[in-house]
Amino acid sequence: MISFVSGIIEYVDEETVTIDNNGIGLSVFMPKDELASLGQGEEIKVFTFLDVKENDMNLFGFLNRDKLDIFKKLIGVSGVGPKGALAIISTLEGDSLYVAIATGDDKAISKAPGIGAKTAQKIVIDLKDKIDLEQIIGDFDDSNIVNVASTVVDDAILALVALGYSNTEAKKAVSKVKITEDMNDEDVLRNALSFLM
């Protein structure tokens with residue numbers, strides 16, 4: 001098993017980066033957004049998954065372990081291969097994939113090339129319970145939250161993301177709301193929106 005590859009970027013093309021690792025050129029398939037951020041001659045460390053088939057071996061890599069983790073979860077779903085999983089991660093950049101799975105948005109997942117509606121539904125069903133909402137919401141200032149169920153906060157953040165705000169914007173807005181015990185997610189959402197206008 002090759003857990004990671006590090007070295008100097010030799011060149012980048014549409015699907016792969018070639019990394020010079022002590023004189024050996026390793027070609028690694030990566031998400032499009034990550035490939036776009038790479039430049040020739042830079043040092044890089046990529047967390048990898050080695051896919052071995054009868055007549056072929058391919059390395060799939062990611063700049064952080066969280067993406068590698070969701071990639072492994074995706075290929076664990078029946079009918080999703082490594083290239084399909086990479087297409088999903090490339091289509092739903094950032095935390096959008098986590099949000100789509102957590103909210104059951106199979107239509108967003110089916111926008112990935114080669115992923116049909118049934119496969120997208122299967123991904124949601126199989127992975128919904130395996131996605132930690134903390135991966136979506138992350139850390140935010142909870143000093144204004146007084147004994148409120150975290151689902152109220154989570155739901156408000158997810159609602160803001162669904163409205164088109166970035167996760168960062170949503171978290172910041174919700175963290176500014178003085179949340180009391182009698183507030184529900186709609187109250188939190190309404191107050192958070194006032195900080196985004």
# chains A, B, ... in the order shown; residues from 1 in each chain; ligands from 1
$ select_by_dssp --residues "segment 58-196 of chain A" --states "alpha helix (DSSP H)" --output "ChimeraX atom specification"
/A:65-75,82-91,96-102,106-109,117-127,133-137,150-162,167-176,185-194
$ residues_around --residues "Val28 of chain A" --least-positions-apart "6" --cutoff "6 Å" --atoms "only C-alpha atoms" --output "MDAnalysis selection string"
chainID A and resid 16:17 59:61
$ write_last_selection --atoms "C-alpha atoms" --output "JSON list (two decimals), in the first residue's frame"
[["chain", "number", "residue", "atom", "x", "y", "z"],
["A", 16, "THR", "CA", -2.94, 13.76, -13.41],
["A", 17, "VAL", "CA", 0.13, 15.22, -11.82],
["A", 59, "LEU", "CA", -2.64, 6.00, -8.09],
["A", 60, "PHE", "CA", -5.35, 8.40, -6.92],
["A", 61, "GLY", "CA", -4.20, 11.27, -4.74]]
$ residues_around --residues "Asp51 of chain A" --least-positions-apart "6" --cutoff "12 Å" --atoms "only C-alpha atoms" --output "ChimeraX atom specification"
/A:1-2,28-29,57-61,71-72,75,81-83
$ residues_around --residues "Asn191 of chain A" --least-positions-apart "6" --cutoff "12 Å" --atoms "only C-alpha atoms" --output "CSV table (one decimal) with N, CA and C atoms, in the first residue's frame"
chain,number,residue,atom,x,y,z
A,153,VAL,N,-28.3,24.4,15.5
A,153,VAL,CA,-27.2,25.2,14.9
A,153,VAL,C,-26.8,24.5,13.6
A,156,ALA,N,-29.4,25.2,10.9
A,156,ALA,CA,-29.3,26.6,10.4
A,156,ALA,C,-28.2,26.8,9.4
A,157,ILE,N,-27.0,26.2,9.7
A,157,ILE,CA,-25.8,26.3,8.8
A,157,ILE,C,-26.1,25.5,7.5
A,160,LEU,N,-28.4,27.6,5.3
A,160,LEU,CA,-27.6,28.7,4.7
A,160,LEU,C,-26.8,28.3,3.5
A,170,ALA,N,-21.6,30.8,6.3
A,170,ALA,CA,-22.7,30.3,7.1
A,170,ALA,C,-22.3,30.2,8.6
A,173,ALA,N,-21.8,33.6,10.3
A,173,ALA,CA,-23.1,34.3,10.5
A,173,ALA,C,-23.8,33.6,11.7
A,174,VAL,N,-23.9,32.3,11.8
A,174,VAL,CA,-24.5,31.6,12.9
A,174,VAL,C,-23.8,31.9,14.2
A,175,SER,N,-22.5,32.0,14.2
A,175,SER,CA,-21.7,32.2,15.4
A,175,SER,C,-22.0,33.6,16.0
A,176,LYS,N,-22.5,34.5,15.1
A,176,LYS,CA,-22.8,35.9,15.6
A,176,LYS,C,-24.1,36.0,16.3
A,177,VAL,N,-25.0,35.0,16.1
A,177,VAL,CA,-26.3,35.0,16.6
A,177,VAL,C,-26.3,34.7,18.1
A,178,LYS,N,-27.0,35.5,18.9
A,178,LYS,CA,-27.1,35.2,20.3
A,178,LYS,C,-28.2,34.2,20.5
A,179,ILE,N,-27.9,32.9,20.6
A,179,ILE,CA,-28.9,31.9,20.6
A,179,ILE,C,-29.3,31.5,22.0
A,180,THR,N,-30.6,31.5,22.2
A,180,THR,CA,-31.2,31.2,23.5
A,180,THR,C,-31.9,29.8,23.4
A,183,MET,N,-35.1,29.2,21.1
A,183,MET,CA,-35.0,29.4,19.6
A,183,MET,C,-35.0,28.1,18.9
A,184,ASN,N,-35.6,28.1,17.7
A,184,ASN,CA,-35.5,26.9,16.8
A,184,ASN,C,-34.6,27.2,15.7
A,185,ASP,N,-34.4,26.3,14.8
A,185,ASP,CA,-33.5,26.5,13.6
A,185,ASP,C,-33.9,27.7,12.7
A,197,MET,N,-26.8,40.1,5.0
A,197,MET,CA,-27.4,41.1,4.1
A,197,MET,C,-26.5,42.3,3.9
$ closest_residue --among "A:Leu196, A:Leu35, A:Asp95, A:Thr18" --to "Ile70 of chain A" --atoms "only C-alpha atoms"
A:Asp95
$ closest_residue --among "A:Lys45, A:Ser27, A:Asn167, A:Asn22" --to "Val5 of chain A" --atoms "only C-alpha atoms"
A:Lys45
$ select_by_dssp --residues "segment 11-196 of chain A" --states "strand (DSSP E or B)" --output "count of residues only"
34
$ residues_around --residues "Ser37 of chain A" --least-positions-apart "2" --cutoff "12 Å" --atoms "only C-alpha atoms" --output "list of chain:residue names"
A:Ile9, A:Val12, A:Asp13, A:Val17, A:Met30, A:Pro31, A:Lys32, A:Asp33, A:Glu34, A:Leu35, A:Gly39, A:Gln40, A:Glu42, A:Ile44, A:Phe62, A:Leu63
$ write_last_selection --atoms "all heavy atoms" --output "short mmCIF file (atom, residue, chain, number, x, y, z; two decimals), in the first residue's frame"
data_model
loop_
_atom_site.label_atom_id
_atom_site.label_comp_id
_atom_site.auth_asym_id
_atom_site.auth_seq_id
_atom_site.Cartn_x
_atom_site.Cartn_y
_atom_site.Cartn_z
N ILE A 9 6.95 18.44 -8.45
CA ILE A 9 6.02 18.33 -9.57
C ILE A 9 6.78 18.48 -10.89
O ILE A 9 7.43 19.50 -11.13
CB ILE A 9 4.91 19.40 -9.48
CG1 ILE A 9 4.06 19.15 -8.24
CG2 ILE A 9 4.03 19.39 -10.74
CD1 ILE A 9 3.06 20.25 -7.94
N VAL A 12 1.82 18.86 -14.91
CA VAL A 12 0.41 18.66 -14.57
C VAL A 12 -0.38 18.64 -15.88
O VAL A 12 -0.17 19.49 -16.75
CB VAL A 12 -0.12 19.83 -13.69
CG1 VAL A 12 -1.59 19.62 -13.33
CG2 VAL A 12 0.73 19.99 -12.43
N ASP A 13 -1.28 17.66 -16.03
CA ASP A 13 -2.17 17.69 -17.19
C ASP A 13 -3.62 17.71 -16.71
O ASP A 13 -3.88 18.00 -15.55
CB ASP A 13 -1.87 16.54 -18.17
CG ASP A 13 -2.12 15.16 -17.57
OD1 ASP A 13 -2.97 15.03 -16.67
OD2 ASP A 13 -1.47 14.19 -18.03
N VAL A 17 -1.11 14.51 -12.09
CA VAL A 17 0.13 15.22 -11.82
C VAL A 17 1.24 14.17 -11.84
O VAL A 17 1.04 13.05 -11.36
CB VAL A 17 0.08 15.96 -10.45
CG1 VAL A 17 -0.19 15.00 -9.30
CG2 VAL A 17 1.38 16.71 -10.19
N MET A 30 -5.82 13.14 -9.75
CA MET A 30 -6.25 14.03 -8.67
C MET A 30 -7.51 14.80 -9.07
O MET A 30 -7.80 14.94 -10.26
CB MET A 30 -5.13 15.03 -8.33
CG MET A 30 -3.92 14.38 -7.66
SD MET A 30 -2.67 15.62 -7.20
CE MET A 30 -3.52 16.45 -5.85
N PRO A 31 -8.25 15.36 -8.08
CA PRO A 31 -9.41 16.19 -8.41
C PRO A 31 -8.99 17.42 -9.20
O PRO A 31 -7.89 17.96 -9.00
CB PRO A 31 -9.97 16.59 -7.03
CG PRO A 31 -9.40 15.61 -6.07
CD PRO A 31 -8.07 15.20 -6.64
N LYS A 32 -9.89 17.91 -10.05
CA LYS A 32 -9.56 19.03 -10.93
C LYS A 32 -9.20 20.30 -10.17
O LYS A 32 -8.29 21.03 -10.57
CB LYS A 32 -10.73 19.30 -11.88
CG LYS A 32 -10.87 18.21 -12.92
CD LYS A 32 -11.96 18.47 -13.91
CE LYS A 32 -11.98 17.32 -14.91
NZ LYS A 32 -13.09 17.39 -15.82
N ASP A 33 -9.91 20.59 -9.07
CA ASP A 33 -9.61 21.82 -8.33
C ASP A 33 -8.21 21.77 -7.72
O ASP A 33 -7.51 22.77 -7.67
CB ASP A 33 -10.67 22.11 -7.26
CG ASP A 33 -10.76 21.03 -6.18
OD1 ASP A 33 -10.66 19.84 -6.53
OD2 ASP A 33 -10.95 21.37 -5.01
N GLU A 34 -7.79 20.59 -7.29
CA GLU A 34 -6.45 20.45 -6.72
C GLU A 34 -5.39 20.54 -7.81
O GLU A 34 -4.35 21.17 -7.62
CB GLU A 34 -6.34 19.14 -5.92
CG GLU A 34 -7.20 19.15 -4.67
CD GLU A 34 -6.93 17.99 -3.74
OE1 GLU A 34 -6.25 17.02 -4.16
OE2 GLU A 34 -7.40 18.05 -2.59
N LEU A 35 -5.65 19.91 -8.96
CA LEU A 35 -4.70 20.00 -10.08
C LEU A 35 -4.49 21.45 -10.50
O LEU A 35 -3.37 21.87 -10.80
CB LEU A 35 -5.20 19.18 -11.28
CG LEU A 35 -5.10 17.66 -11.17
CD1 LEU A 35 -5.84 17.00 -12.32
CD2 LEU A 35 -3.64 17.20 -11.14
N GLY A 39 1.70 23.77 -9.45
CA GLY A 39 2.61 24.36 -10.43
C GLY A 39 3.88 23.55 -10.58
O GLY A 39 4.37 22.96 -9.61
N GLN A 40 4.42 23.53 -11.77
CA GLN A 40 5.64 22.78 -12.06
C GLN A 40 6.77 23.26 -11.16
O GLN A 40 6.93 24.46 -10.91
CB GLN A 40 6.02 22.96 -13.53
CG GLN A 40 7.16 22.09 -13.96
CD GLN A 40 7.42 22.21 -15.46
OE1 GLN A 40 6.71 22.89 -16.17
NE2 GLN A 40 8.45 21.53 -15.93
N GLU A 42 7.12 22.74 -7.96
CA GLU A 42 6.75 22.84 -6.53
C GLU A 42 6.97 21.50 -5.84
O GLU A 42 6.86 20.45 -6.44
CB GLU A 42 5.26 23.21 -6.38
CG GLU A 42 4.90 24.59 -6.86
CD GLU A 42 3.39 24.85 -6.74
OE1 GLU A 42 2.64 23.97 -6.28
OE2 GLU A 42 2.97 25.95 -7.12
N ILE A 44 5.55 18.74 -3.28
CA ILE A 44 4.17 18.32 -3.01
C ILE A 44 4.17 17.03 -2.19
O ILE A 44 5.08 16.22 -2.29
CB ILE A 44 3.40 18.12 -4.34
CG1 ILE A 44 1.92 17.92 -4.09
CG2 ILE A 44 3.97 16.98 -5.13
CD1 ILE A 44 1.07 17.89 -5.35
N PHE A 62 -4.75 12.98 -3.15
CA PHE A 62 -5.45 14.14 -2.61
C PHE A 62 -4.50 14.93 -1.72
O PHE A 62 -3.61 14.35 -1.08
CB PHE A 62 -6.68 13.69 -1.82
CG PHE A 62 -7.57 12.77 -2.61
CD1 PHE A 62 -7.37 11.40 -2.60
CD2 PHE A 62 -8.56 13.29 -3.43
CE1 PHE A 62 -8.14 10.55 -3.37
CE2 PHE A 62 -9.34 12.45 -4.21
CZ PHE A 62 -9.13 11.08 -4.18
N LEU A 63 -4.72 16.23 -1.66
CA LEU A 63 -3.84 17.08 -0.87
C LEU A 63 -4.10 16.97 0.63
O LEU A 63 -3.28 17.40 1.43
CB LEU A 63 -3.95 18.55 -1.32
CG LEU A 63 -3.46 18.82 -2.74
CD1 LEU A 63 -3.68 20.28 -3.11
CD2 LEU A 63 -1.99 18.44 -2.91
#
$ residues_around --residues "Leu127 of chain A" --least-positions-apart "5" --cutoff "9 Å" --atoms "only C-alpha atoms" --output "mmCIF file with N, CA and C atoms, in the first residue's frame"
data_model
loop_
_atom_site.group_PDB
_atom_site.id
_atom_site.type_symbol
_atom_site.label_atom_id
_atom_site.label_comp_id
_atom_site.auth_asym_id
_atom_site.auth_seq_id
_atom_site.Cartn_x
_atom_site.Cartn_y
_atom_site.Cartn_z
ATOM 1 N N LYS A 73 -14.674 6.040 1.072
ATOM 2 C CA LYS A 73 -16.084 5.761 1.376
ATOM 3 C C LYS A 73 -16.887 5.620 0.081
ATOM 4 N N LEU A 74 -16.618 6.487 -0.884
ATOM 5 C CA LEU A 74 -17.345 6.441 -2.153
ATOM 6 C C LEU A 74 -17.080 5.136 -2.911
ATOM 7 N N VAL A 77 -19.053 2.056 -2.037
ATOM 8 C CA VAL A 77 -20.446 1.942 -2.475
ATOM 9 C C VAL A 77 -20.478 1.119 -3.758
ATOM 10 N N ILE A 101 -24.532 14.744 0.630
ATOM 11 C CA ILE A 101 -24.817 13.450 1.255
ATOM 12 C C ILE A 101 -25.654 13.644 2.518
ATOM 13 N N ALA A 102 -25.240 14.586 3.371
ATOM 14 C CA ALA A 102 -25.935 14.804 4.644
ATOM 15 C C ALA A 102 -27.375 15.266 4.449
ATOM 16 N N LYS A 122 -27.939 5.656 -4.209
ATOM 17 C CA LYS A 122 -27.263 4.610 -3.426
ATOM 18 C C LYS A 122 -26.154 5.217 -2.564
#
$ atom_distance --atom1 "atom CA of Gly7 of chain A" --atom2 "atom CA of Asp69 of chain A"
22.0 Å
$ atom_distance --atom1 "atom CA of Arg65 of chain A" --atom2 "atom CA of Leu50 of chain A"
14.5 Å
$ atom_distance --atom1 "atom CA of Lys128 of chain A" --atom2 "atom CA of Lys172 of chain A"
25.0 Å
$ closest_residue --among "A:Ile88, A:Val99, A:Ala192, A:Ile131" --to "Asp66 of chain A" --atoms "only C-alpha atoms"
A:Ile131
